[in-house]
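Undergrad: Mind looking over this structure? Questions follow.
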Amino acid sequence: MVLKDALSILGSDAKHNRWVRCTRQTLEWSEYVLLKTISFIVILSVSACSKELVAVDGSIQTTDKSPYITKVFDYQYGPGQHAQLIPSNEKGVAFIGEPWINGKSFTSLGGWGGYIIAGFDHAVNNTTGPDIAVYTQPSVGSEPGVVYVMADNNNDGIPNDGPWLELKGSEYNNPQTIHNYQVTYYKPGASGYVTWKDVHGKEGSLVPQFGTGSWWWSGYGDKSSVTFSGEKLPDAYSNTSKDPAVQLWMPVSGLFRFGYAECYDNEDYNVKLKANLFDLSTAVDASGAPLNLSKISFIKVQSGVFQIAGWLNEISTEISGAADIHLLDKKSY
Ligand SMILES: [Ca+2]
Ligand SMILES: [Ca+2]
């Protein structure tokens, strides 16, 4: 990590929401202790910077908090076609701050299981209606990601506060959804494919139509295997072509109506923000029972579809950041 990622980057975006970004931090688990001392400096710089925003009720409010993600704690790319394009020092930095400004790119989570864990610089309150926006990669097809949240119950700024709580989406009770799923991917041989085996003993290969097996493994170096755990959602696409020589992959009708990242034109997609909106009231515990969360500080987004859809290759969630929508100008969405 370079110092500029940990210390303040000042900027402004008065045109859209009068928000002045005060700080940008990237912390990894191993780097947390080293950054404890300079974090004090960051805190000072944040406290010296405040901005006004228009709340839902039209009032002008002042806050020194960022609406956007300020920290990335962990980022693991799932095997997929972009593996060789993910720089070795890529830590999901594009997930931090306001999306798309200054040519900033999106964050690709890769194939099933790939994830990012990130945090806000404050607790996001659960108020009536949606609370969090997860920005999409604009202008492409839906590639659903599962969203989890966590409160900072021990107030240490680290997501170490018990299990991740899933925001229950429309396919939570779909018979094809598999909860507590786990897949181990294995390094391909010289000219073979990435192979995989799941927790139920099922196995297969990731057959790329872009790049090679070794290309898809390139992000894992000398590792012989990588394991991901999470929720497996139903296949998102089907080949509707009647001609075996032609592939016509289309979204499966009726799925992913709400509750997933990178889903376009569904019930919770906000066109102005180019984001899916999530209500913290949809959080459930491991048994699926609803929780009554009052606030959260951390978010985890994970690629949820385990499917190689022909020339589309793997279904991989791509996202461009997240926001506490209570700190966005209402006029921006
Ligand atoms: Ca904590
Ligand atoms: Ca809410």
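Just so we're on the same page: first chain in the structure tokens is A, next is B, and so on; residues restart at 1 for each chain, and ligands are numbered from 1 in the order they show up.
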Would you list the residues that come within 9 Å of ligand 2? Count only C-alpha atoms and all ligand atoms and give the answer as a PyMOL selection string.

TA: chain A and resi 125-132+278-282+293-294

Undergrad: Produce a table with one row for each residue of chain A that has an atom at most 8 Å from any atom of ligand 1, each row naming the nearest atom pair and its distance in Å at one decimal; use only C-alpha atoms and all ligand atoms; arrange rows by chain and rising residue number; format as JSON lines.

TA:
```
{"residue": "A:Ala151", "atom": "CA", "partner": "ligand 1", "partner_atom_place_in_ligand_line": "1 (Ca)", "distance": 7.2}
{"residue": "A:Asp152", "atom": "CA", "partner": "ligand 1", "partner_atom_place_in_ligand_line": "1 (Ca)", "distance": 4.2}
{"residue": "A:Asn153", "atom": "CA", "partner": "ligand 1", "partner_atom_place_in_ligand_line": "1 (Ca)", "distance": 5.7}
{"residue": "A:Asn154", "atom": "CA", "partner": "ligand 1", "partner_atom_place_in_ligand_line": "1 (Ca)", "distance": 4.9}
{"residue": "A:Asn155", "atom": "CA", "partner": "ligand 1", "partner_atom_place_in_ligand_line": "1 (Ca)", "distance": 5.3}
{"residue": "A:Asp156", "atom": "CA", "partner": "ligand 1", "partner_atom_place_in_ligand_line": "1 (Ca)", "distance": 4.7}
{"residue": "A:Gly157", "atom": "CA", "partner": "ligand 1", "partner_atom_place_in_ligand_line": "1 (Ca)", "distance": 5.2}
{"residue": "A:Ile158", "atom": "CA", "partner": "ligand 1", "partner_atom_place_in_ligand_line": "1 (Ca)", "distance": 4.1}
{"residue": "A:Pro159", "atom": "CA", "partner": "ligand 1", "partner_atom_place_in_ligand_line": "1 (Ca)", "distance": 4.7}
{"residue": "A:Asn160", "atom": "CA", "partner": "ligand 1", "partner_atom_place_in_ligand_line": "1 (Ca)", "distance": 4.6}
{"residue": "A:Asp161", "atom": "CA", "partner": "ligand 1", "partner_atom_place_in_ligand_line": "1 (Ca)", "distance": 5.0}
```

Undergrad: Give me the residues within 8 Å of Thr107 of chain A as a PyMOL selection string, counting only C-alpha atoms and dropping any in the same chain fewer than 6 places off.

TA: chain A and resi 92+94-95+318-321

Undergrad: Now that the selection is made, can you save its residues with C-alpha atoms as a short mmCIF file (atom, residue, chain, number, x, y, z; two decimals), in the first residue's frame?

TA:
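Output contents, as saved in out38.cif:
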```
data_model
loop_
_atom_site.label_atom_id
_atom_site.label_comp_id
_atom_site.auth_asym_id
_atom_site.auth_seq_id
_atom_site.Cartn_x
_atom_site.Cartn_y
_atom_site.Cartn_z
CA GLY A 92 -10.19 -3.07 -4.57
CA ALA A 94 -11.65 1.61 -6.90
CA PHE A 95 -14.39 0.65 -4.44
CA GLU A 318 -18.76 -5.79 -11.06
CA ILE A 319 -19.44 -2.85 -8.77
CA SER A 320 -18.24 0.73 -8.49
CA GLY A 321 -18.52 1.50 -4.79
#
```

Undergrad: Just asking: which residues within segment 98-135 of chain A are strand (DSSP E or B) according to DSSP, as a list in words?

TA: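 Those residues are Thr107, Ser108, Gly110, Tyr115, Ile116, Ile117, Ala118, Gly119, Phe120, Asp121, His122, Ala123, Val124, Asn125, Ile132, Ala133, Val134 and Tyr135 of chain A.
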
Undergrad: Which residues come within 7 Å of Thr62 of chain A, counting only C-alpha atoms, excluding same-chain residues fewer than 2 positions away, as a PyMOL selection string?

TA: chain A and resi 50-53+60

Undergrad: From the list A:Pro67, A:Pro138, A:Gly97, A:Gly110, which residue is nearest Tyr269 of chain A when using only C-alpha atoms?

TA: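 Once distances to Tyr269 of chain A are computed over only C-alpha atoms, the minimum belongs to A:Pro138.
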
Undergrad: Let me make sure I understand: among A:Val124, A:Ile308, A:Ile116, A:Val183, which one has the smallest atom-to-atom distance to Asn239 of chain A if we use only C-alpha atoms?

TA: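 Selected residue with least distance to Asn239 of chain A: A:Ile308.
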
Undergrad: Hey, could you make a per-residue contact list for segment 64-179 of chain A against segment 197-220 of chain A with 6 Å as the cut-off, showing the nearest pair of atoms and its distance in Å to one decimal, counting only C-alpha atoms, sorted by chain and number, as CSV?

TA:
```
residue,atom,partner,partner_atom,distance
A:Pro79,CA,A:Trp216,CA,5.6
A:Gly80,CA,A:Trp216,CA,5.2
A:Gln81,CA,A:Trp216,CA,5.7
A:Ala83,CA,A:Trp216,CA,5.2
A:Gln84,CA,A:Ser218,CA,5.4
```

Undergrad: Can you list, as an NGL selection string, every residue of segment 127-321 of chain A that DSSP puts in alpha helix (DSSP H)?

TA: :A and (213-217)

Undergrad: Suppose you want the space between atom CA of Gly114 of chain A and atom CA of Phe228 of chain A; what is it in Å?

TA: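 Taking atom CA of Gly114 of chain A as the start and atom CA of Phe228 of chain A as the end point, the length is 7.2 Å.
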
Undergrad: Tell me, as a VMD selection string, which residues lie within 10 Å of Gly288 of chain A, counting only C-alpha atoms; anything in the same chain fewer than 3 positions away does not count.

TA: chain A and resid 165 to 168 172 to 173 283 to 285 291

Undergrad: Would you mind reading off the distance between atom CA of Ser142 of chain A and atom CA of Ile178 of chain A, one decimal, in Å?

TA: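 Atom CA of Ser142 of chain A sits 19.6 Å away from atom CA of Ile178 of chain A.
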
Undergrad: In Å, how far is it from atom CA of Val301 of chain A to atom CA of Leu277 of chain A?

TA: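 Straight-line distance from atom CA of Val301 of chain A to atom CA of Leu277 of chain A works out to 13.3 Å.
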
Undergrad: Extract, using only C-alpha atoms, all DNA, RNA and protein residues at most 12 Å from Ala322 of chain A, discarding same-chain residues fewer than 3 positions from it, and format them as a count of residues only.

TA: 47

Undergrad: Could you give me, as number ranges by chain, the residues within 6 Å of Val146 of chain A, counting only C-alpha atoms and dropping anything in the same chain fewer than 5 positions from it?

TA: A: 260, 301-302, 304

Undergrad: Selection from above, C-alpha atoms, as an mmCIF file, in the first residue's frame, can you write it?

TA:
```
data_model
loop_
_atom_site.group_PDB
_atom_site.id
_atom_site.type_symbol
_atom_site.label_atom_id
_atom_site.label_comp_id
_atom_site.auth_asym_id
_atom_site.auth_seq_id
_atom_site.Cartn_x
_atom_site.Cartn_y
_atom_site.Cartn_z
ATOM 1 C CA TYR A 260 -28.713 -8.029 -5.277
ATOM 2 C CA VAL A 301 -20.401 -7.999 -1.619
ATOM 3 C CA GLN A 302 -19.811 -11.431 -3.135
ATOM 4 C CA GLY A 304 -23.311 -15.148 -6.186
#
```

Undergrad: I need the residue nearest Phe256 of chain A from this list: A:Pro175, A:Pro144, A:Gly113, A:Gly189. Use only C-alpha atoms for the distance.

TA: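 The closest residue to Phe256 of chain A is A:Pro144.
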